[in-house]
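Here the structure comes first, spelled out in structure tokens, and everything after it is commentary.
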Amino acid sequence: MKKIVFYAISIFLCSGCSTGNNEKGQRLTDFVDPFIGTAYVGHTHPAAQLPFGMVQVGPDTGTDKWEHCAGYYNEDKSIIGFSHTHLSGTGCPDMGDILFMPVTGDGSFDRGDENDTQTGYRSLFSHDSEEAHPGYYKVVLDDYGIKAELTASARVGFHRYTYPSSGEAGIVVDLEHGIGDTTIHAEMRLLNDSTLVGLRRSAGFVENHTWYFCAKFSKPIADIRSNAAGRTSILRFDAKANEEILVKVALSTVGTEGAANNLQAEIPGWDFDNIRSKASDIWEKHLDKIELQAIDNEQKVSFYTSLYHALLMPNIITDTDDAQYRYTNFSLWDTYRATHPFFNIMFPEKNARFVESMIELYRERGVLCTNEYGQNETWCMIGNHAVPVIVDAIAKGIVENTPDAYQAVMNSLTRSHEKSDWKMYNKYGYYPFDLLPVESVSRTLEHCYDDYCAALLASMAGDTQNRDFFKARSENFRNLFDNESKLMRAKDSKGKWRTPFDRFLLSHASTSGGDYTEGNAWQYTWHIQHDIPALVDLMGGKDYFGTKLDSLFFLDVRSLGGGFHGDVTGMIGQYAHGNEPSHHIAYLYNYSSTPHKTQELLRKIFDDFYFPRRDGLSGNDDCGQMSAWYIFSALGFYPVDPVSGQYIIGAPQVHGMTLHLPNGKRFEMKADRLSKENKYVKSIRLNGKPLTGFIIKYDEIKDGGLLEFEMTDKIS
């Protein structure tokens, strides 16, 4: 057993009533498995948190590898400790702030090596001793024999440690620890014998972010020993065998006083089980907004875990005494596609807060955020995709088209910044690869969608000048369509195509350059979400369009090229379900002569890429986008063009679903005769009337109603 020498110095499984969604006594939280996505490339975490909560208190098993973007990786055998901030499903490592680790005996301040857990305070653990539910995590630390349990309120992490031996209870507080970052400054001090306060400022993927904390202990601190830098301390407590020591750790982005106020407001007492029960009840209320008739319990686990993952981010950053509700962690290159559209249907008031946060960031910085984490713009991805999120919310009446909102959109698409050189773009009508050596095609295509959104907003405002300007610029994709290959291809400033042209070469800007963003020509050619008929025409009509789609899904040729390609996963031919630019493509067969192939592909994606197990995701969950795709597609439609207010029909993957809408109405979907064989749509009725075409509108969902699919094993 490890020993730590101390030197004295002065100084929710919750019970509850059943819901109409389940059998008697069954709770929806029982169908959520927070471990799904913690293996392979899902990058999720099993931390305890509330929906969109500030605190995500959970285990860290590593900090430096790509697998540790969320801090926890299923293949690891040891735990470093329990930190209070985590990103869910991202492709870049960060957070892991304010780490606590219970210990016994002697030891050092060193965290230890993951390959040699007999050094430092790191401990071996077994998945057999782990348990995770919404708002709760438990594990036994084998090296110490300590049972660690975690739960949370919105801004407070609550720890309960059960120690095996008397007189050897200790807690390491490590402010040097972080996921993929470097500590800039950290400090802590005792306010009294049971209260510790401090801060941690770090830089990494997120350039510079600071967390303040206030920690209260259920027993007086007997001794404390700190390292030379004062950034790691070991606290000792006099404890009896099998005694529980509880710790409440509140965070704040403002100061230690704000953290103390958050702690007092949210968890004033010491009843761990009560807080765990409250957390579970809050999650139950959110999950119960969707009533599911699943094919089996495995599908129910996949669905409600997807719903759970979709509600983890963005995260609140304001204190309890702040009248504003402001949020951070916007992975907009991912989430504009389905996550925010899902919020607009089921959680519009929350999405209004997210939009207000984006506009507030614009007021501070003069440009809308693109990929904002920890209150910092990372410029990690491309496009200006706060634009579609804001325009979508305005178009659906969820937020008003205020002067600030309008100017935020218009200015962000005309004032150059890190990933947008508007002078170059306006001059050529595309980004020339000789002037912009990375992502020239992808940036052009992503801009086209944002410009289309701006044109819609200008049209709503009666601004014909901006409407016409952005409408014209939204068609710039035509400038990069190569009639010979029928693919989107890079051009230089002389208008000449890139030669030679490797249509299979995968690009990754930060590691290998190239003309595409985490993809290749085959994947990005379809990134014309706003004008698919134009793409059909460019390809020569519906028949060839369908044939080209066939090639995308059947070609398995790989010329990966240099750089990192871990984001391009979940492959069907060249289609990559594990990466967001592919997410709408399966629905495009509706624009071809073979729409039944959309229905075939959706079933294949569900069968091959979503499983109720730790390796159950085919790619980064990316702040809920992979999960939102699952929710929409299970329902039978998807927002290919999110801002249009239209959803493209696919094929339902569950027997039925009822959305309990925030306006008190119900939207119900039924899939009659759905089975493994009956994956094709024979007919559709909306409120008893045949649905012509393959589109359902937002207002038809918002107003409530019944969407009925008749399924068959025959191609219709």
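In the structure tokens, chains take letters A, B, ... by order of appearance, with residues numbered from 1 within each chain and ligands from 1 in the order shown.
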Do you know which residues are at most 7 Å from stretch 204-208 of chain A counting only C-alpha atoms, after dropping those on the same chain fewer than 6 positions away, and could you put them as a PyMOL selection string?
chain A and resi 92-94+180-182+373-374+376+378
I need the residues from that last selection saved to file as an mmCIF file, in the first residue's frame (with N, CA and C atoms), if you can.
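Final output, saved to out-v6.cif:
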data_model
loop_
_atom_site.group_PDB
_atom_site.id
_atom_site.type_symbol
_atom_site.label_atom_id
_atom_site.label_comp_id
_atom_site.auth_asym_id
_atom_site.auth_seq_id
_atom_site.Cartn_x
_atom_site.Cartn_y
_atom_site.Cartn_z
ATOM 1 N N CYS A 92 -10.019 18.139 -28.864
ATOM 2 C CA CYS A 92 -8.835 18.800 -28.310
ATOM 3 C C CYS A 92 -8.873 18.702 -26.788
ATOM 4 N N PRO A 93 -7.750 18.371 -26.152
ATOM 5 C CA PRO A 93 -7.737 18.207 -24.694
ATOM 6 C C PRO A 93 -7.644 19.537 -23.967
ATOM 7 N N ASP A 94 -8.486 19.699 -22.947
ATOM 8 C CA ASP A 94 -8.396 20.857 -22.061
ATOM 9 C C ASP A 94 -9.275 20.636 -20.841
ATOM 10 N N GLY A 180 -4.069 18.512 -20.901
ATOM 11 C CA GLY A 180 -3.452 19.091 -22.089
ATOM 12 C C GLY A 180 -3.113 20.557 -21.991
ATOM 13 N N ASP A 181 -2.915 21.078 -20.779
ATOM 14 C CA ASP A 181 -2.613 22.502 -20.656
ATOM 15 C C ASP A 181 -1.424 22.719 -19.732
ATOM 16 N N THR A 182 -1.065 23.974 -19.534
ATOM 17 C CA THR A 182 0.034 24.362 -18.666
ATOM 18 C C THR A 182 -0.478 25.350 -17.632
ATOM 19 N N TYR A 373 -14.279 28.149 -26.106
ATOM 20 C CA TYR A 373 -14.231 27.302 -24.926
ATOM 21 C C TYR A 373 -13.608 28.080 -23.775
ATOM 22 N N GLY A 374 -14.109 27.855 -22.573
ATOM 23 C CA GLY A 374 -13.518 28.494 -21.406
ATOM 24 C C GLY A 374 -13.428 29.992 -21.528
ATOM 25 N N ASN A 376 -12.828 31.681 -24.126
ATOM 26 C CA ASN A 376 -11.778 32.063 -25.062
ATOM 27 C C ASN A 376 -12.129 31.585 -26.460
ATOM 28 N N THR A 378 -10.975 29.972 -29.635
ATOM 29 C CA THR A 378 -9.839 29.109 -29.970
ATOM 30 C C THR A 378 -9.444 29.188 -31.437
#
I want to know what sits within 9 Å of stretch 470-482 of chain A, based on only C-alpha atoms, with residues of the same chain fewer than 4 positions away left out; could you give that as a ChimeraX atom specification?
/A:426,429-430,441,444-445,447-456,458,465-466,486-491,497,525,528,530-531,534-535,538
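With only C-alpha atoms as the atoms that count, the minimum distance from A:Lys597 to the choices A:Ile184, A:Ala239, A:Ala576, A:Leu549 is reached by A:Leu549.
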Spatial neighbours of stretch 78-85 of chain A, 7 Å, only C-alpha atoms, chain gap at least 3 places, as a ChimeraX atom specification:
/A:55-61,95-101,111,114,122-125,157
Writer output for current selection, C-alpha atoms, as a PDB file, in the first residue's frame:
ATOM      1  CA  VAL A  55     -19.260  21.737 -12.759  1.00  0.00           C
ATOM      2  CA  GLN A  56     -18.435  18.363 -14.298  1.00  0.00           C
ATOM      3  CA  VAL A  57     -16.787  16.537 -11.403  1.00  0.00           C
ATOM      4  CA  GLY A  58     -15.277  13.246 -12.448  1.00  0.00           C
ATOM      5  CA  PRO A  59     -12.242  10.998 -12.872  1.00  0.00           C
ATOM      6  CA  ASP A  60      -9.147  11.803 -14.903  1.00  0.00           C
ATOM      7  CA  THR A  61      -7.047   8.870 -16.093  1.00  0.00           C
ATOM      8  CA  MET A  95      -9.987  21.613 -18.670  1.00  0.00           C
ATOM      9  CA  GLY A  96      -9.399  19.157 -15.781  1.00  0.00           C
ATOM     10  CA  ASP A  97      -9.290  22.022 -13.281  1.00  0.00           C
ATOM     11  CA  ILE A  98      -9.031  21.784  -9.476  1.00  0.00           C
ATOM     12  CA  LEU A  99      -8.144  18.121  -8.866  1.00  0.00           C
ATOM     13  CA  PHE A 100      -8.905  16.319  -5.582  1.00  0.00           C
ATOM     14  CA  MET A 101      -7.631  12.811  -4.794  1.00  0.00           C
ATOM     15  CA  ARG A 111       0.945  12.334  -9.775  1.00  0.00           C
ATOM     16  CA  GLU A 114       0.270   5.768 -15.731  1.00  0.00           C
ATOM     17  CA  ARG A 122      -2.277   7.807  -8.778  1.00  0.00           C
ATOM     18  CA  SER A 123      -4.293   4.651  -8.030  1.00  0.00           C
ATOM     19  CA  LEU A 124      -5.252   1.516  -9.901  1.00  0.00           C
ATOM     20  CA  PHE A 125      -8.982   0.860 -10.328  1.00  0.00           C
ATOM     21  CA  GLY A 157     -19.043  19.265  -6.945  1.00  0.00           C
TER      22      GLY A 157
END
Closest of A:Ala265, A:Ala279, A:Val643, A:Val367 to A:Ile390, counting only C-alpha atoms, is A:Val643
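For the set A:Gly616, A:Pro102, A:Gly495, A:Gly145, the residue with the smallest atom-to-atom gap to A:Asp434 is A:Gly495, counting only C-alpha atoms.
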Any chance you could list, as a PyMOL selection string, the residues in stretch 228-372 of chain A that come up alpha helix (DSSP H) when DSSP is run on the backbone?
chain A and resi 256-266+272-287+297-310+332-335+339-346+348-365
At a cut-off of 7 Å, can you tabulate as a Markdown table every residue of stretch 441-536 of chain A near stretch 581-587 of chain A together with its closest atom pair and the distance in Å to one decimal, using only C-alpha atoms and ordering rows by chain then number?
| residue | atom | partner | partner_atom | distance |
| --- | --- | --- | --- | --- |
| A:Gln523 | CA | A:Ser582 | CA | 6.4 |
| A:Tyr524 | CA | A:Pro581 | CA | 6.9 |
| A:Trp526 | CA | A:Ile585 | CA | 6.7 |
| A:His527 | CA | A:Pro581 | CA | 6.8 |
Deliver the residues from the most recent selection as a file, using N, CA and C atoms, as a PDB file, in the first residue's frame.
ATOM      1  N   GLN A 523     -15.841  14.046 -49.506  1.00  0.00           N
ATOM      2  CA  GLN A 523     -16.706  14.374 -48.371  1.00  0.00           C
ATOM      3  C   GLN A 523     -17.228  15.802 -48.444  1.00  0.00           C
ATOM      4  N   TYR A 524     -16.397  16.743 -48.883  1.00  0.00           N
ATOM      5  CA  TYR A 524     -16.806  18.150 -48.843  1.00  0.00           C
ATOM      6  C   TYR A 524     -17.608  18.600 -50.057  1.00  0.00           C
ATOM      7  N   TRP A 526     -20.373  17.695 -50.980  1.00  0.00           N
ATOM      8  CA  TRP A 526     -21.801  17.719 -50.646  1.00  0.00           C
ATOM      9  C   TRP A 526     -22.149  18.810 -49.646  1.00  0.00           C
ATOM     10  N   HIS A 527     -21.172  19.654 -49.317  1.00  0.00           N
ATOM     11  CA  HIS A 527     -21.411  20.660 -48.276  1.00  0.00           C
ATOM     12  C   HIS A 527     -22.109  21.901 -48.847  1.00  0.00           C
TER      13      HIS A 527
END
List every residue of stretch 475-682 of chain A that DSSP, applied to the backbone, labels as strand (DSSP E or B), and write the result as a ChimeraX atom specification.
/A:481-482,487-488,491,497,505,507-508,513-514,519,559,571-572,575-576,610,617,637-638,646-649,656-660,666-672,680-682
Once you have the residues from the selection above, write them out as a short mmCIF file (atom, residue, chain, number, x, y, z; two decimals), in the first residue's frame, restricted to N, CA and C atoms.
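Final output, saved to again-v3.cif:
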data_model
loop_
_atom_site.label_atom_id
_atom_site.label_comp_id
_atom_site.auth_asym_id
_atom_site.auth_seq_id
_atom_site.Cartn_x
_atom_site.Cartn_y
_atom_site.Cartn_z
N PHE A 481 -16.54 24.15 -58.33
CA PHE A 481 -17.04 22.87 -58.83
C PHE A 481 -16.33 22.53 -60.14
N ASP A 482 -15.66 21.40 -60.13
CA ASP A 482 -14.90 20.93 -61.29
C ASP A 482 -15.79 20.03 -62.13
N LEU A 487 -16.44 17.21 -58.62
CA LEU A 487 -16.10 17.37 -57.22
C LEU A 487 -15.67 18.82 -56.97
N MET A 488 -15.71 19.22 -55.70
CA MET A 488 -15.22 20.53 -55.32
C MET A 488 -13.69 20.48 -55.23
N LYS A 491 -8.70 25.97 -56.45
CA LYS A 491 -8.17 26.82 -57.53
C LYS A 491 -7.14 27.77 -56.96
N TRP A 497 -6.94 25.05 -61.71
CA TRP A 497 -7.20 23.98 -60.76
C TRP A 497 -5.90 23.45 -60.16
N LEU A 505 -7.31 12.36 -50.90
CA LEU A 505 -6.35 12.82 -49.91
C LEU A 505 -7.05 13.53 -48.76
N SER A 507 -7.22 15.88 -45.51
CA SER A 507 -6.50 17.06 -45.04
C SER A 507 -6.79 17.31 -43.57
N HIS A 508 -5.79 17.81 -42.88
CA HIS A 508 -5.96 18.23 -41.49
C HIS A 508 -5.08 19.45 -41.31
N GLY A 513 -1.87 20.40 -43.44
CA GLY A 513 -2.32 21.35 -44.46
C GLY A 513 -3.39 20.74 -45.33
N GLY A 514 -3.41 21.14 -46.60
CA GLY A 514 -4.40 20.60 -47.53
C GLY A 514 -5.56 21.54 -47.73
N GLY A 519 -11.03 16.27 -43.86
CA GLY A 519 -11.78 15.56 -44.89
C GLY A 519 -11.08 15.62 -46.23
N SER A 559 -6.18 7.28 -49.56
CA SER A 559 -4.83 7.84 -49.64
C SER A 559 -4.77 8.90 -48.56
N MET A 571 -16.58 5.02 -41.15
CA MET A 571 -16.55 5.08 -42.60
C MET A 571 -17.53 4.11 -43.26
N ILE A 572 -18.24 4.62 -44.27
CA ILE A 572 -18.96 3.82 -45.26
C ILE A 572 -18.45 4.31 -46.60
N TYR A 575 -17.81 8.15 -47.00
CA TYR A 575 -18.67 8.81 -46.01
C TYR A 575 -18.08 8.57 -44.62
N ALA A 576 -17.98 9.64 -43.81
CA ALA A 576 -17.39 9.54 -42.47
C ALA A 576 -18.42 10.01 -41.45
N TYR A 610 -23.80 3.13 -33.64
CA TYR A 610 -24.33 3.50 -32.33
C TYR A 610 -24.63 2.23 -31.55
N LEU A 617 -19.66 4.84 -29.87
CA LEU A 617 -19.71 5.97 -30.79
C LEU A 617 -18.58 5.85 -31.81
N PHE A 637 -36.61 12.35 -39.36
CA PHE A 637 -36.25 13.48 -40.21
C PHE A 637 -35.04 14.20 -39.64
N TYR A 638 -34.46 15.12 -40.44
CA TYR A 638 -33.19 15.74 -40.05
C TYR A 638 -33.10 17.14 -40.66
N GLN A 646 -37.13 23.72 -42.44
CA GLN A 646 -37.57 22.48 -43.08
C GLN A 646 -36.68 21.33 -42.63
N TYR A 647 -37.28 20.16 -42.53
CA TYR A 647 -36.57 18.96 -42.15
C TYR A 647 -36.80 17.91 -43.23
N ILE A 648 -35.73 17.23 -43.62
CA ILE A 648 -35.79 16.24 -44.68
C ILE A 648 -36.17 14.88 -44.10
N ILE A 649 -37.18 14.26 -44.69
CA ILE A 649 -37.65 12.97 -44.21
C ILE A 649 -36.62 11.88 -44.50
N GLY A 656 -42.04 4.50 -32.00
CA GLY A 656 -42.79 5.73 -31.80
C GLY A 656 -42.05 6.68 -30.89
N MET A 657 -42.44 7.94 -30.96
CA MET A 657 -41.81 8.96 -30.12
C MET A 657 -42.80 10.10 -29.93
N THR A 658 -42.87 10.61 -28.71
CA THR A 658 -43.71 11.76 -28.42
C THR A 658 -42.84 12.86 -27.83
N LEU A 659 -42.86 14.02 -28.48
CA LEU A 659 -42.15 15.19 -27.97
C LEU A 659 -43.12 16.00 -27.14
N HIS A 660 -42.83 16.15 -25.85
CA HIS A 660 -43.63 17.01 -24.98
C HIS A 660 -43.06 18.42 -25.11
N ARG A 666 -48.11 18.41 -27.93
CA ARG A 666 -47.43 17.14 -28.16
C ARG A 666 -47.26 16.91 -29.65
N PHE A 667 -46.06 16.54 -30.03
CA PHE A 667 -45.83 16.08 -31.40
C PHE A 667 -45.48 14.61 -31.33
N GLU A 668 -46.28 13.80 -32.02
CA GLU A 668 -46.13 12.35 -31.92
C GLU A 668 -45.75 11.76 -33.27
N MET A 669 -44.82 10.80 -33.23
CA MET A 669 -44.45 10.04 -34.42
C MET A 669 -44.73 8.57 -34.17
N LYS A 670 -45.36 7.91 -35.15
CA LYS A 670 -45.61 6.48 -35.09
C LYS A 670 -45.03 5.82 -36.34
N ALA A 671 -44.36 4.70 -36.13
CA ALA A 671 -43.81 3.94 -37.26
C ALA A 671 -44.49 2.58 -37.29
N ASP A 672 -45.56 2.48 -38.04
CA ASP A 672 -46.34 1.25 -38.12
C ASP A 672 -45.58 0.18 -38.90
N TYR A 680 -38.09 0.38 -45.06
CA TYR A 680 -38.46 1.35 -46.09
C TYR A 680 -39.80 2.02 -45.75
N VAL A 681 -39.94 3.26 -46.20
CA VAL A 681 -41.17 4.02 -45.97
C VAL A 681 -42.13 3.79 -47.12
N LYS A 682 -43.30 3.26 -46.80
CA LYS A 682 -44.32 3.03 -47.82
C LYS A 682 -45.19 4.27 -48.01
#
Quick check, in Å to one decimal: how far apart do atom CA of A:Gly688 and atom CA of A:Gly650 lie?
19.0 Å
Which residues come within 8 Å of A:Phe158, counting only C-alpha atoms, excluding same-chain residues fewer than 4 positions away, as a list in words?
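Answer for this query is Leu150, Thr151, Ala152, Ser153, Leu246, Val247, Lys248, Val249 and Phe272 of chain A.
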Taking 4 positions as the minimum chain separation for residues in the same chain, which residues sit within 6 Å of A:Gly198 when counting only C-alpha atoms? Answer as an NGL selection string.
:A and (187-188 or 212-213)
Compare A:Ile345, A:Leu175, A:Ile290, A:Ala338 by their minimum atom-to-atom distance to A:Gly624, counting only C-alpha atoms, and give me the closest one.
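Under the stated criterion, the closest residue is A:Ala338.
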Have a look at A:Gly578, A:Gly366, A:Gly170, A:Gly89 and name the one nearest to A:Arg415; count only C-alpha atoms.
A:Gly366
